[in-house]
Amino acid sequence: VGQNVRLHGNVISGTIQKKKNDGLNLRFAVYSGKKWVEVKYKGLVPDTFKDCAEVVVNGKLAPSGELFNAKSITAKCPSKYDSQDHASGCGNELTPVVVASRKK
C-alpha cells in the first residue's frame, strides 16, 4: 500500500466501465493467479485494451486494499496463435463477483 508497483494480468470480460461524459475515466478488473483487483485509471488507453486483454498497470494500491490506482496502462498485442489459451486465463467466471462488489 502506498508504494509504486506493477501489476500484470488479464482484463476480466464485462468489467470495463467508462464515464458517459468523459471517456478518460475507466474502471476495470484485472485477474491473475486466481486473484483479481479493481483498477481505476484516468487517461488514454492503447487500442489493444479490451476485454480479456493482457495488461500491465503501474500505480499504487489504495489504503483500503480494494482498489488499484493506475498511472499507466500497457496492453499486449494479442497473438492469433495463443487465442484459445489466452481466453481460458481471463477470469470470466469472476465477472458476476466483480459486478456485485461494485454495488456494495
# chains A, B, ... in the order shown; residues from 1 in each chain; ligands from 1
>>> residues_around(residues="Asn4 (chain A)", least_positions_apart="6", cutoff="9 Å", atoms="only C-alpha atoms", output="MDAnalysis selection string")
chainID A and resid 58:61
>>> write_last_selection(atoms="N, CA, C and O atoms", output="PDB file, in the first residue's frame")
ATOM      1  N   ASN A  58       0.703   0.273 -13.938  1.00  0.00           N
ATOM      2  CA  ASN A  58       1.625   0.822 -12.953  1.00  0.00           C
ATOM      3  C   ASN A  58       0.859   1.797 -12.075  1.00  0.00           C
ATOM      4  O   ASN A  58       0.084   2.608 -12.592  1.00  0.00           O
ATOM      5  N   GLY A  59       1.067   1.727 -10.773  1.00  0.00           N
ATOM      6  CA  GLY A  59       0.385   2.640  -9.875  1.00  0.00           C
ATOM      7  C   GLY A  59       0.531   2.215  -8.431  1.00  0.00           C
ATOM      8  O   GLY A  59       1.514   1.577  -8.054  1.00  0.00           O
ATOM      9  N   LYS A  60      -0.487   2.560  -7.631  1.00  0.00           N
ATOM     10  CA  LYS A  60      -0.458   2.280  -6.196  1.00  0.00           C
ATOM     11  C   LYS A  60      -1.766   1.637  -5.745  1.00  0.00           C
ATOM     12  O   LYS A  60      -2.833   1.993  -6.233  1.00  0.00           O
ATOM     13  N   LEU A  61      -1.658   0.745  -4.789  1.00  0.00           N
ATOM     14  CA  LEU A  61      -2.821   0.145  -4.158  1.00  0.00           C
ATOM     15  C   LEU A  61      -3.363   1.122  -3.125  1.00  0.00           C
ATOM     16  O   LEU A  61      -2.611   1.681  -2.331  1.00  0.00           O
TER      17      LEU A  61
END
>>> residues_around(residues="Phe49 (chain A)", least_positions_apart="6", cutoff="12 Å", atoms="only C-alpha atoms", output="list in words")
Asn10, Val11, Ile12, Ser13, Ile16, Leu26, Phe28, Val30, Val55, Val56, Val57, Ile73, Thr74, Ala75, Lys76, Cys77 and Pro78 of chain A
>>> atom_distance(atom1="CA of Thr15 (chain A)", atom2="CA of Ala29 (chain A)")
5.9 Å
>>> residues_around(residues="Tyr41 (chain A)", least_positions_apart="4", cutoff="9 Å", atoms="only C-alpha atoms", output="list of chain:residue names")
A:Leu24, A:Asn25, A:Leu26, A:Arg27, A:Phe28, A:Phe68, A:Asn69, A:Ala70, A:Lys71, A:Ser72, A:Ile73
>>> write_last_selection(atoms="C-alpha atoms", output="short mmCIF file (atom, residue, chain, number, x, y, z; two decimals), in the first residue's frame")
data_model
loop_
_atom_site.label_atom_id
_atom_site.label_comp_id
_atom_site.auth_asym_id
_atom_site.auth_seq_id
_atom_site.Cartn_x
_atom_site.Cartn_y
_atom_site.Cartn_z
CA LEU A 24 -10.81 9.18 -19.98
CA ASN A 25 -12.05 7.80 -16.63
CA LEU A 26 -12.02 4.00 -16.56
CA ARG A 27 -12.70 1.29 -14.05
CA PHE A 28 -12.00 -2.38 -14.76
CA PHE A 68 -5.54 -0.10 -7.55
CA ASN A 69 -4.99 3.48 -8.75
CA ALA A 70 -3.18 3.12 -12.07
CA LYS A 71 -0.96 5.83 -13.53
CA SER A 72 -0.26 3.97 -16.80
CA ILE A 73 -1.55 1.00 -18.80
#
>>> closest_atom_pairs(of="region 34-69 of chain A", to="region 89-95 of chain A", cutoff="10 Å", atoms="only C-alpha atoms", output="JSON lines")
{"residue": "A:Lys34", "atom": "CA", "partner": "A:Gly91", "partner_atom": "CA", "distance": 7.7}
{"residue": "A:Lys35", "atom": "CA", "partner": "A:Gly91", "partner_atom": "CA", "distance": 8.7}
{"residue": "A:Trp36", "atom": "CA", "partner": "A:Gly91", "partner_atom": "CA", "distance": 8.3}
{"residue": "A:Asp51", "atom": "CA", "partner": "A:Cys90", "partner_atom": "CA", "distance": 8.4}
{"residue": "A:Cys52", "atom": "CA", "partner": "A:Cys90", "partner_atom": "CA", "distance": 5.2}
{"residue": "A:Ala53", "atom": "CA", "partner": "A:Cys90", "partner_atom": "CA", "distance": 8.0}
{"residue": "A:Glu54", "atom": "CA", "partner": "A:Cys90", "partner_atom": "CA", "distance": 8.5}
>>> closest_residue(among="A:Gly2, A:Gly9, A:Pro63, A:Gly14", to="Val37 (chain A)", atoms="only C-alpha atoms")
A:Gly9
